[in-house]
file protein.tsv (TSV, C-alpha atoms)
chain	number	residue	atom	x	y	z
F	1	ILE	CA	-1.31	-15.07	-7.30
F	2	GLU	CA	1.07	-12.45	-8.68
F	3	ASP	CA	-0.58	-13.01	-12.08
F	4	GLU	CA	-4.05	-12.63	-10.60
F	5	ALA	CA	-2.97	-9.36	-8.96
F	6	ASP	CA	-1.67	-8.03	-12.30
F	7	LEU	CA	1.84	-7.73	-10.86
F	8	ARG	CA	4.77	-7.70	-13.23
F	9	GLY	CA	6.57	-10.65	-11.73
F	10	LEU	CA	9.46	-12.91	-12.74
F	11	ARG	CA	9.43	-16.66	-13.27
F	12	ARG	CA	11.79	-18.55	-11.00
F	13	ARG	CA	13.70	-21.75	-11.69
F	14	GLU	CA	16.35	-23.43	-9.58
F	15	LEU	CA	19.52	-24.94	-10.99
F	16	VAL	CA	21.91	-27.26	-9.19
F	17	VAL	CA	25.42	-26.02	-9.83
F	18	VAL	CA	28.88	-27.26	-8.85
F	19	LEU	CA	31.57	-24.75	-7.89
F	20	ASP	CA	35.06	-26.00	-6.94
F	21	GLY	CA	33.68	-29.46	-6.25
F	22	SER	CA	30.95	-28.24	-3.89
F	23	GLN	CA	27.32	-28.66	-4.90
F	24	GLY	CA	24.87	-25.85	-4.24
F	25	ALA	CA	21.60	-24.34	-5.40
F	26	PHE	CA	21.54	-21.21	-7.50
F	27	VAL	CA	18.29	-19.41	-8.23
F	28	THR	CA	17.76	-17.66	-11.54
F	29	GLU	CA	14.81	-15.67	-12.77
F	30	GLN	CA	13.28	-15.91	-16.22
F	31	THR	CA	10.45	-13.89	-17.73
F	32	ASP	CA	8.39	-14.00	-20.89
F	33	VAL	CA	7.35	-10.35	-20.77
F	34	PRO	CA	8.92	-8.77	-23.90
F	35	ASP	CA	9.77	-5.40	-22.40
F	36	LEU	CA	11.60	-7.10	-19.53
F	37	ARG	CA	13.90	-9.02	-21.88
F	38	LEU	CA	15.63	-6.16	-23.67
F	39	GLY	CA	19.05	-7.51	-24.57
F	40	ASP	CA	18.76	-9.99	-21.68
F	41	GLN	CA	19.87	-7.12	-19.46
F	42	LEU	CA	17.49	-8.12	-16.69
F	43	GLU	CA	18.62	-11.74	-16.64
F	44	ARG	CA	22.30	-10.77	-16.64
F	45	GLY	CA	21.74	-8.44	-13.72
F	46	LEU	CA	19.77	-10.95	-11.68
F	47	ASP	CA	21.98	-13.95	-12.40
F	48	HIS	CA	25.31	-12.27	-11.75
F	49	PRO	CA	26.82	-14.37	-8.89
F	50	ASP	CA	29.20	-11.68	-7.66
F	51	ALA	CA	26.62	-8.89	-7.58
F	52	GLY	CA	25.66	-9.51	-3.96
F	53	SER	CA	27.65	-9.81	-0.76
F	54	GLN	CA	29.57	-12.93	0.19
F	55	ASP	CA	26.63	-14.47	2.01
F	56	GLY	CA	24.46	-14.15	-1.09
F	57	ASN	CA	22.45	-11.15	0.10
F	58	GLN	CA	22.49	-7.81	-1.64
F	59	PRO	CA	23.93	-4.70	0.02
F	60	ASP	CA	21.54	-2.07	1.33
F	61	LEU	CA	19.51	-1.03	-1.71
F	62	PHE	CA	19.11	2.58	-0.68
F	63	GLY	CA	22.60	3.06	0.67
F	64	LYS	CA	24.58	1.19	-1.94
F	65	PRO	CA	22.71	0.42	-5.17
F	66	HIS	CA	24.04	-2.52	-7.11
F	67	ALA	CA	23.79	-4.44	-10.37
F	68	ARG	CA	21.24	-6.93	-9.03
F	69	MET	CA	18.47	-4.37	-9.28
F	70	GLY	CA	17.78	-5.85	-12.72
F	71	ARG	CA	18.61	-3.15	-15.20
F	72	GLU	CA	20.38	-0.56	-13.06
F	73	TRP	CA	18.79	2.76	-12.25
F	74	SER	CA	20.32	5.50	-14.35
F	75	PRO	CA	23.02	7.18	-12.24
F	76	ASP	CA	21.24	10.54	-12.05
F	77	ILE	CA	17.89	8.95	-11.15
F	78	ARG	CA	19.50	6.64	-8.59
F	79	ARG	CA	21.41	9.50	-7.00
F	80	ARG	CA	18.32	11.66	-6.78
F	81	GLY	CA	16.28	8.81	-5.32
F	82	LEU	CA	18.85	8.28	-2.57
F	83	GLU	CA	18.94	11.99	-1.76
F	84	ILE	CA	15.16	12.08	-1.45
F	85	LEU	CA	14.97	8.96	0.74
F	86	GLY	CA	17.56	10.55	3.00
F	87	GLY	CA	15.66	13.80	3.35
F	88	PHE	CA	11.90	13.10	3.30
F	89	ILE	CA	11.01	16.69	2.35
F	90	GLU	CA	7.46	17.19	1.07
F	91	ASP	CA	8.32	18.45	-2.42
F	92	GLU	CA	10.99	15.78	-2.72
F	93	HIS	CA	8.46	13.15	-1.67
F	94	ARG	CA	6.37	14.05	-4.71
F	95	GLU	CA	9.47	13.90	-6.84
F	96	LEU	CA	10.29	10.41	-5.56
F	97	MET	CA	6.79	9.16	-6.28
F	98	ALA	CA	7.19	10.42	-9.84
F	99	LEU	CA	10.27	8.22	-10.28
F	100	VAL	CA	8.43	4.95	-9.65
F	101	ASP	CA	5.47	3.17	-11.21
F	102	ARG	CA	2.80	4.16	-8.74
F	103	GLN	CA	0.18	1.58	-9.74
F	104	GLN	CA	2.66	-1.30	-9.67
F	105	SER	CA	3.83	-0.12	-6.24
F	106	VAL	CA	0.24	-0.01	-4.98
F	107	GLN	CA	-0.52	-3.48	-6.34
F	108	LEU	CA	2.70	-4.91	-4.95
F	109	LEU	CA	2.07	-3.67	-1.40
F	110	ALA	CA	-1.56	-4.87	-1.49
F	111	TYR	CA	-0.31	-8.30	-2.60
F	112	LEU	CA	2.35	-8.41	0.12
F	113	LEU	CA	-0.23	-7.51	2.77
F	114	MET	CA	-2.48	-10.36	1.62
F	115	MET	CA	0.51	-12.71	1.91
F	116	GLY	CA	1.23	-11.24	5.35
F	117	ASP	CA	4.79	-10.37	4.34
F	118	PRO	CA	5.46	-6.69	3.63
F	119	TRP	CA	8.58	-7.15	5.77
F	120	HIS	CA	10.94	-9.43	3.77
F	121	MET	CA	11.50	-6.85	1.03
F	122	ASP	CA	13.43	-4.95	3.64
F	123	GLY	CA	15.82	-2.56	1.91
F	124	VAL	CA	18.77	-4.88	2.55
F	125	HIS	CA	17.75	-7.76	0.31
F	126	ASN	CA	14.81	-9.03	-1.76
F	127	GLU	CA	14.24	-5.57	-3.18
F	128	PHE	CA	14.32	-5.21	-6.96
F	129	PHE	CA	13.29	-2.48	-9.36
F	130	TYR	CA	13.22	-2.56	-13.13
F	131	GLU	CA	13.83	0.66	-15.02
F	132	ASP	CA	11.55	1.00	-18.05
F	133	PRO	CA	13.95	2.18	-20.78
F	134	TRP	CA	11.21	4.20	-22.46
F	135	SER	CA	9.69	6.07	-19.52
F	136	MET	CA	12.71	5.87	-17.15
F	137	VAL	CA	10.22	4.93	-14.43
F	138	GLN	CA	11.22	2.35	-11.81
F	139	GLU	CA	8.90	-0.66	-11.52
F	140	PRO	CA	9.09	-2.72	-8.30
F	141	LEU	CA	9.23	-6.49	-8.76
F	142	PRO	CA	7.81	-9.07	-6.32
F	143	TRP	CA	10.60	-11.20	-4.90
F	144	ASP	CA	10.87	-14.05	-2.39
F	145	THR	CA	7.46	-13.50	-0.78
F	146	ARG	CA	6.70	-15.61	2.27
F	147	LEU	CA	3.25	-16.62	3.52
F	148	LEU	CA	2.96	-15.29	7.08
F	149	ASP	CA	0.37	-14.41	9.69
F	150	ILE	CA	0.09	-10.64	9.24
F	151	THR	CA	-0.67	-10.18	12.95
F	152	ARG	CA	2.73	-11.68	13.88
F	153	PRO	CA	5.36	-9.78	11.91
F	154	PRO	CA	8.94	-10.96	12.42
F	155	ALA	CA	11.55	-8.62	13.88
F	156	PRO	CA	12.28	-5.81	13.21
F	157	ARG	CA	8.61	-5.50	12.12
F	158	ARG	CA	9.18	-2.58	9.75
F	159	VAL	CA	8.48	-2.06	6.08
F	160	ASN	CA	11.36	-0.87	3.93
F	161	PRO	CA	12.30	2.81	3.45
F	162	PHE	CA	10.56	2.94	0.07
F	163	PHE	CA	7.20	1.79	1.45
F	164	GLN	CA	7.64	3.96	4.55
F	165	GLU	CA	8.02	6.97	2.30
F	166	SER	CA	5.22	5.91	-0.06
F	167	LEU	CA	2.78	5.48	2.82
F	168	ARG	CA	3.30	9.10	3.87
F	169	ASP	CA	1.11	9.87	0.86
F	170	PRO	CA	-2.61	9.62	1.84
F	171	PHE	CA	-3.53	9.04	-1.81
F	172	PHE	CA	-1.17	6.04	-1.90
F	173	VAL	CA	-2.71	4.67	1.30
F	174	ASP	CA	-6.18	5.08	-0.16
F	175	ASP	CA	-5.19	3.31	-3.38
F	176	VAL	CA	-3.58	0.41	-1.47
F	177	LEU	CA	-6.77	-0.28	0.48
F	178	ARG	CA	-8.91	-0.04	-2.65
F	179	GLU	CA	-6.57	-2.48	-4.40
F	180	GLU	CA	-6.72	-4.75	-1.35
F	181	ARG	CA	-10.50	-4.87	-1.57
F	182	ARG	CA	-10.24	-5.65	-5.30
F	183	MET	CA	-7.78	-8.49	-4.70
F	184	LEU	CA	-9.82	-10.02	-1.88
F	185	ASP	CA	-13.35	-9.51	-3.20
F	186	ASP	CA	-13.25	-9.07	-6.99
F	187	LEU	CA	-10.29	-11.32	-7.80
F	188	HIS	CA	-11.05	-13.80	-4.97
F	189	GLY	CA	-7.39	-13.85	-3.97
F	190	VAL	CA	-7.84	-16.23	-1.03
F	191	GLN	CA	-9.65	-18.78	-3.17
F	192	VAL	CA	-6.94	-18.51	-5.85
F	193	GLY	CA	-4.27	-19.16	-3.22
F	194	GLU	CA	-6.16	-22.12	-1.79
F	195	ARG	CA	-6.61	-23.66	-5.25
F	196	LEU	CA	-2.92	-23.25	-6.04
F	197	ALA	CA	-1.95	-24.80	-2.71
F	198	ARG	CA	-4.16	-27.86	-3.29
F	199	THR	CA	-3.15	-28.49	-6.90
F	200	GLU	CA	0.60	-28.00	-6.33
F	201	TYR	CA	0.51	-30.10	-3.16
F	202	GLU	CA	-1.08	-33.04	-4.97
F	203	ARG	CA	1.12	-32.64	-8.05
F	204	TYR	CA	4.36	-32.70	-6.04
F	205	ARG	CA	3.17	-34.72	-3.03
F	206	PRO	CA	6.27	-36.97	-2.74
F	207	TYR	CA	8.51	-33.90	-2.66
F	208	PHE	CA	6.36	-32.15	-0.07
F	209	ASP	CA	6.44	-35.29	2.09
F	210	PHE	CA	10.23	-35.43	1.80
F	211	GLU	CA	10.62	-31.77	2.76
F	212	SER	CA	8.18	-32.18	5.65
F	213	ASP	CA	10.46	-34.85	7.11
F	214	ARG	CA	13.23	-32.21	7.19
F	215	ALA	CA	11.14	-29.67	9.09
F	216	GLY	CA	13.30	-28.07	11.76
F	217	ILE	CA	16.37	-28.21	9.55
F	218	ILE	CA	14.53	-26.16	6.95
F	219	PRO	CA	11.31	-24.15	7.42
F	220	ASP	CA	8.19	-26.32	7.48
F	221	LEU	CA	6.44	-26.00	4.11
F	222	GLY	CA	3.06	-26.73	5.66
F	223	THR	CA	-0.08	-28.22	4.11
F	224	PRO	CA	-2.88	-26.80	1.96
F	225	GLU	CA	-5.01	-26.58	5.09
F	226	GLU	CA	-2.37	-24.50	6.86
F	227	VAL	CA	-1.99	-22.27	3.80
F	228	SER	CA	-5.75	-21.75	3.76
F	229	THR	CA	-5.82	-20.91	7.47
F	230	ILE	CA	-3.15	-18.19	7.10
F	231	LEU	CA	-4.69	-16.70	3.95
F	232	ARG	CA	-8.15	-16.56	5.50
F	233	LYS	CA	-6.82	-15.02	8.70
F	234	ASN	CA	-4.95	-12.36	6.73
F	235	ALA	CA	-8.07	-11.67	4.67
F	236	THR	CA	-10.10	-11.24	7.87
F	237	VAL	CA	-7.57	-8.76	9.27
F	238	LEU	CA	-7.41	-6.80	6.00
F	239	HIS	CA	-11.20	-6.65	5.79
F	240	GLN	CA	-11.10	-5.19	9.30
F	241	TRP	CA	-8.70	-2.53	7.99
F	242	ILE	CA	-11.03	-1.84	5.05
F	243	ASN	CA	-14.00	-1.47	7.41
F	244	ASP	CA	-12.08	0.72	9.87
F	245	ALA	CA	-13.13	4.22	8.74
F	246	ARG	CA	-13.35	5.99	12.08
F	247	VAL	CA	-13.88	9.77	11.98
F	248	ALA	CA	-14.20	12.30	14.82
F	249	PHE	CA	-16.13	15.57	14.33
F	250	ARG	CA	-16.70	18.84	16.15
F	251	SER	CA	-18.54	22.06	15.25
F	252	THR	CA	-17.24	25.21	16.97
F	253	PRO	CA	-18.69	28.79	16.73
F	254	ALA	CA	-16.03	31.43	15.99
F	255	ASP	CA	-16.65	35.10	15.12
F	256	GLY	CA	-19.69	34.78	12.88
F	257	ARG	CA	-18.79	31.40	11.39
F	258	LEU	CA	-18.82	27.73	12.32
F	259	VAL	CA	-15.56	25.79	12.22
F	260	LEU	CA	-16.17	22.16	11.26
F	261	ASP	CA	-13.24	19.96	12.29
F	262	PHE	CA	-12.85	16.34	11.15
F	263	GLU	CA	-10.16	13.85	12.12
F	264	THR	CA	-9.74	10.46	10.45
F	265	ARG	CA	-8.57	7.79	12.89
F	266	GLY	CA	-8.85	4.44	11.13
F	267	TYR	CA	-7.12	2.52	8.36
F	268	ALA	CA	-9.71	3.63	5.77
F	269	GLY	CA	-10.76	7.12	4.74
F	270	SER	CA	-14.26	8.55	4.43
F	271	ASP	CA	-16.23	10.76	2.05
F	272	LEU	CA	-18.22	13.72	3.38
F	273	ARG	CA	-21.46	13.66	1.38
F	274	ARG	CA	-23.99	15.71	3.27
F	275	LEU	CA	-24.51	18.05	6.25
F	276	THR	CA	-27.75	18.19	8.24
F	277	ILE	CA	-28.12	21.60	9.87
F	278	ASN	CA	-30.65	22.56	12.53
F	279	GLY	CA	-31.53	26.27	12.71
F	280	GLY	CA	-29.84	29.28	11.18
F	281	GLY	CA	-30.35	30.99	7.83
F	282	PRO	CA	-28.57	31.04	4.46
F	283	LEU	CA	-25.11	29.50	4.71
F	284	VAL	CA	-22.03	28.97	2.54
F	285	LEU	CA	-19.60	26.07	3.02
F	286	TYR	CA	-15.86	26.54	2.43
F	287	ALA	CA	-12.98	24.06	2.54
F	288	ASP	CA	-10.36	25.53	4.88
F	289	ARG	CA	-7.34	24.22	2.99
F	290	ASN	CA	-4.68	25.75	5.25
F	291	GLY	CA	-6.63	25.00	8.43
F	292	ASN	CA	-6.30	28.50	9.92
F	293	GLY	CA	-9.99	28.85	10.76
F	294	VAL	CA	-10.72	31.86	8.54
F	295	VAL	CA	-11.84	32.18	4.92
F	296	ASP	CA	-8.87	32.95	2.67
F	297	ARG	CA	-8.81	33.73	-1.02
F	298	ASP	CA	-7.55	30.21	-1.73
F	299	ASP	CA	-10.29	28.45	0.26
F	300	PRO	CA	-12.79	27.08	-2.30
F	301	VAL	CA	-16.55	27.22	-1.93
F	302	ILE	CA	-18.03	23.74	-1.72
F	303	ALA	CA	-20.84	23.44	-4.26
F	304	GLY	CA	-24.02	21.63	-3.36
F	305	THR	CA	-27.80	21.68	-3.16
F	306	TRP	CA	-30.06	22.60	-0.25
F	307	GLY	CA	-33.16	20.71	0.81
F	308	ASN	CA	-35.41	20.23	3.82
F	309	GLU	CA	-36.13	17.04	5.69
F	310	ALA	CA	-37.80	16.45	9.07
F	311	GLY	CA	-37.57	20.11	10.04
F	312	ALA	CA	-33.86	20.40	9.28
F	313	ARG	CA	-31.95	21.64	6.26
F	314	ARG	CA	-29.72	19.27	4.34
F	315	PHE	CA	-26.76	20.37	2.26
F	316	THR	CA	-25.76	17.70	-0.28
F	317	LEU	CA	-22.31	18.16	-1.77
F	318	LEU	CA	-22.22	17.95	-5.57
F	319	LYS	CA	-18.87	16.18	-5.23
F	320	PRO	CA	-18.05	14.37	-1.97
F	321	GLU	CA	-15.09	15.76	-0.04
F	322	ALA	CA	-12.47	13.07	0.58
F	323	LEU	CA	-11.21	12.68	4.14
F	324	TYR	CA	-8.21	10.46	3.58
F	325	SER	CA	-6.77	8.23	6.27
F	326	ALA	CA	-3.14	8.21	7.41
F	327	TRP	CA	-0.92	5.25	8.30
F	328	ASN	CA	2.12	5.11	10.53
F	329	ALA	CA	4.58	2.80	8.75
F	330	LYS	CA	7.67	3.72	10.75
F	331	GLY	CA	7.16	0.57	12.80
F	332	PRO	CA	6.61	-1.64	14.49
F	333	GLY	CA	4.02	-2.95	12.05
F	334	ILE	CA	1.61	-0.67	10.18
F	335	GLN	CA	-0.77	1.26	12.41
F	336	PRO	CA	-3.55	3.79	11.67
F	337	SER	CA	-2.64	7.39	12.39
F	338	THR	CA	-4.71	10.60	12.26
F	339	ALA	CA	-5.32	13.24	9.61
F	340	ALA	CA	-7.12	16.57	10.20
F	341	TYR	CA	-9.57	18.35	7.87
F	342	ARG	CA	-11.39	21.64	8.41
F	343	PHE	CA	-14.39	23.32	6.77
F	344	LEU	CA	-16.08	26.66	7.47
F	345	LEU	CA	-19.78	27.58	7.45
F	346	THR	CA	-20.38	31.29	6.96
F	347	GLY	CA	-23.56	33.36	6.77
F	348	ALA	CA	-26.48	33.26	9.18
F	349	VAL	CA	-24.89	30.87	11.67
F	350	ALA	CA	-26.24	32.53	14.86
F	351	GLY	CA	-29.30	30.31	15.03
F	352	VAL	CA	-27.57	27.03	14.18
F	353	THR	CA	-28.08	24.52	17.00
F	354	ALA	CA	-26.54	21.39	15.50
F	355	VAL	CA	-24.53	20.21	12.51
F	356	THR	CA	-24.46	16.50	11.68
F	357	PRO	CA	-22.19	15.13	8.91
F	358	GLU	CA	-23.15	12.21	6.70
F	359	LEU	CA	-20.08	10.13	5.88
F	360	VAL	CA	-19.37	6.92	4.00
F	361	ASN	CA	-16.34	4.64	3.92
F	362	ARG	CA	-14.28	5.50	0.80
F	363	VAL	CA	-13.37	1.86	0.17
F	364	ASN	CA	-16.58	-0.10	0.73
F	365	GLY	CA	-19.24	2.66	0.64
F	366	GLN	CA	-20.68	1.77	4.05
F	367	PRO	CA	-22.10	4.55	6.30
F	368	VAL	CA	-19.75	5.99	8.92
F	369	THR	CA	-20.99	7.51	12.18
F	370	ALA	CA	-18.72	10.28	13.42
F	371	GLU	CA	-17.34	10.19	16.95
F	372	GLU	CA	-17.07	13.33	19.08
F	373	LEU	CA	-13.85	15.25	18.64
F	374	ALA	CA	-12.48	16.76	21.84
F	375	ALA	CA	-12.32	20.55	21.97
F	376	LYS	CA	-8.51	20.74	21.90
F	377	ALA	CA	-7.91	17.76	19.61
call {"tool": "encode", "arguments": {"input": "protein.tsv", "output": "structure tokens"}}
result
Amino acid sequence: IEDEADLRGLRRRELVVVLDGSQGAFVTEQTDVPDLRLGDQLERGLDHPDAGSQDGNQPDLFGKPHARMGREWSPDIRRRGLEILGGFIEDEHRELMALVDRQQSVQLLAYLLMMGDPWHMDGVHNEFFYEDPWSMVQEPLPWDTRLLDITRPPAPRRVNPFFQESLRDPFFVDDVLREERRMLDDLHGVQVGERLARTEYERYRPYFDFESDRAGIIPDLGTPEEVSTILRKNATVLHQWINDARVAFRSTPADGRLVLDFETRGYAGSDLRRLTINGGGPLVLYADRNGNGVVDRDDPVIAGTWGNEAGARRFTLLKPEALYSAWNAKGPGIQPSTAAYRFLLTGAVAGVTAVTPELVNRVNGQPVTAEELAAKA
């Protein structure tokens, strides 16, 4: 599934090793991707037995970086990344996002959501980055992903600090949902997972039967039918997220202009494509970028074309205005938050009796009907 999602993953193999007369399992990672094999640095970092803590887990990635991050972050980049994650200042947020491979991060989170497990890569263990020696950009690597019901996250039900910070970016949120739709609909991720479960189950059936007899001592591996049930449930939930493009709207007269307030409230964002206006005369639409309710020199004019339909005027934007959604990833779970957007209509607004926005879901293109936004919202 990692391959289908175009994730830069690692190939795992288990070796039985004997240390001081005691037998144990030791997991190594191998990869055939040329740029991940430079001087075997990645393998040495991952296989180093003393790189983690005594119980086999790595120390806190963001508080105490270590050799098991594959090829280590350069000291200056690592130090700066830690400073940013400790501060969460807006300019520093942009700087952090420039340090990592954005597309790989988007694809990884979309994949983890489909598996129902954005929680195990928790900042304490299971979190690995590879530093591209050419670009010095950090690429996140999928690691130890579990298949879980996404509606029942295990404690503490929080994504790691890196994803918390990434999801403060509405563009990142938008890209994750678009990638999710691609994985589920274009790449048929659920069907790929079901096929893998069936073929591997039949190929290794005696081993699955043996492990099933140990259920309770070790986690139950389940059956292809159970895998299918979880994948399909997760896909249903994620499609609900994709379809959840709620927007509230209010038009308020103010000193010779109309203030148009929008608030996104769902998991998905919307595009403003058209305004239907009843009454009034010639009008100009501005994007109120600083949200102060007045036209400033930095507020751009929104270009579009005017037409008439059913006794009302319709203003069609030449380029739809994006109303991005916001997520709250601070926990527990991942919940939709709100984001505010404001536009201004100036000109002959005295006779305007109604303004109706035409919106579509940014991810699936379906129409969105705006709710009423309270006066003081």
call {"tool": "residues_around", "arguments": {"input": "protein.tsv", "residues": "Ile242 of chain F", "least_positions_apart": "4", "cutoff": "10 Å", "atoms": "all atoms listed in the file", "output": "ChimeraX atom specification"}}
result
/F:174,177-178,180-181,236-238,266-269,361-364
call {"tool": "residues_around", "arguments": {"input": "protein.tsv", "residues": "Glu139 of chain F", "least_positions_apart": "6", "cutoff": "9 Å", "atoms": "only C-alpha atoms", "output": "PyMOL selection string"}}
result
chain F and resi 8+100-102+104-105+128-132
call {"tool": "closest_residue", "arguments": {"input": "protein.tsv", "among": "F:Ile302, F:Asp186, F:Leu345, F:Asp296", "to": "Ala254 of chain F", "atoms": "all atoms listed in the file"}}
result
F:Leu345
call {"tool": "residues_around", "arguments": {"input": "protein.tsv", "residues": "segment 113-118 of chain F", "least_positions_apart": "2", "cutoff": "9 Å", "atoms": "all atoms listed in the file", "output": "PyMOL selection string"}}
result
chain F and resi 108-111+120-122+145-153+158-160+163+180+183-184+189-190+230-231+234-235+238
call {"tool": "atom_distance", "arguments": {"input": "protein.tsv", "atom1": "atom CA of Phe249 of chain F", "atom2": "atom CA of Glu371 of chain F"}}
result
6.1 Å
call {"tool": "closest_residue", "arguments": {"input": "protein.tsv", "among": "F:Asp299, F:Gly347, F:Tyr341, F:Thr252", "to": "Lys376 of chain F", "atoms": "only C-alpha atoms"}}
result
F:Thr252
call {"tool": "atom_distance", "arguments": {"input": "protein.tsv", "atom1": "atom CA of Leu221 of chain F", "atom2": "atom CA of Arg198 of chain F"}}
result
13.1 Å
call {"tool": "closest_residue", "arguments": {"input": "protein.tsv", "among": "F:Lys319, F:Asp144, F:Gly280, F:Arg257", "to": "Thr305 of chain F", "atoms": "all atoms listed in the file"}}
result
F:Lys319
call {"tool": "closest_residue", "arguments": {"input": "protein.tsv", "among": "F:Gln103, F:Ser228, F:Asn290, F:Thr264", "to": "Ser337 of chain F", "atoms": "all atoms listed in the file"}}
result
F:Thr264
call {"tool": "residues_near_point", "arguments": {"input": "protein.tsv", "point": "(2.9, -1.6, 18.0)", "cutoff": "12 Å", "atoms": "only C-alpha atoms", "output": "PyMOL selection string"}}
result
chain F and resi 151-153+155-158+328-337
call {"tool": "residues_around", "arguments": {"input": "protein.tsv", "residues": "Glu194 of chain F", "least_positions_apart": "6", "cutoff": "10 Å", "atoms": "all atoms listed in the file", "output": "PDB file with C-alpha atoms, in the frame of the given file"}}
result
ATOM      1  CA  PRO F 224      -2.880 -26.800   1.960  1.00  0.00           C
ATOM      2  CA  GLU F 225      -5.010 -26.580   5.090  1.00  0.00           C
ATOM      3  CA  GLU F 226      -2.370 -24.500   6.860  1.00  0.00           C
ATOM      4  CA  VAL F 227      -1.990 -22.270   3.800  1.00  0.00           C
ATOM      5  CA  SER F 228      -5.750 -21.750   3.760  1.00  0.00           C
ATOM      6  CA  THR F 229      -5.820 -20.910   7.470  1.00  0.00           C
ATOM      7  CA  LEU F 231      -4.690 -16.700   3.950  1.00  0.00           C
ATOM      8  CA  ARG F 232      -8.150 -16.560   5.500  1.00  0.00           C
TER       9      ARG F 232
END
call {"tool": "closest_residue", "arguments": {"input": "protein.tsv", "among": "F:Val294, F:Val284, F:Val349, F:Leu96", "to": "Leu317 of chain F", "atoms": "only C-alpha atoms"}}
result
F:Val284
call {"tool": "residues_around", "arguments": {"input": "protein.tsv", "residues": "Pro367 of chain F", "least_positions_apart": "2", "cutoff": "10 Å", "atoms": "only C-alpha atoms", "output": "ChimeraX atom specification"}}
result
/F:245,270-271,358-362,364-365,369-370
call {"tool": "closest_residue", "arguments": {"input": "protein.tsv", "among": "F:Thr316, F:Pro253, F:Glu95, F:Ile217", "to": "Glu165 of chain F", "atoms": "only C-alpha atoms"}}
result
F:Glu95
call {"tool": "atom_distance", "arguments": {"input": "protein.tsv", "atom1": "atom CA of Thr223 of chain F", "atom2": "atom CA of Tyr201 of chain F"}}
result
7.5 Å
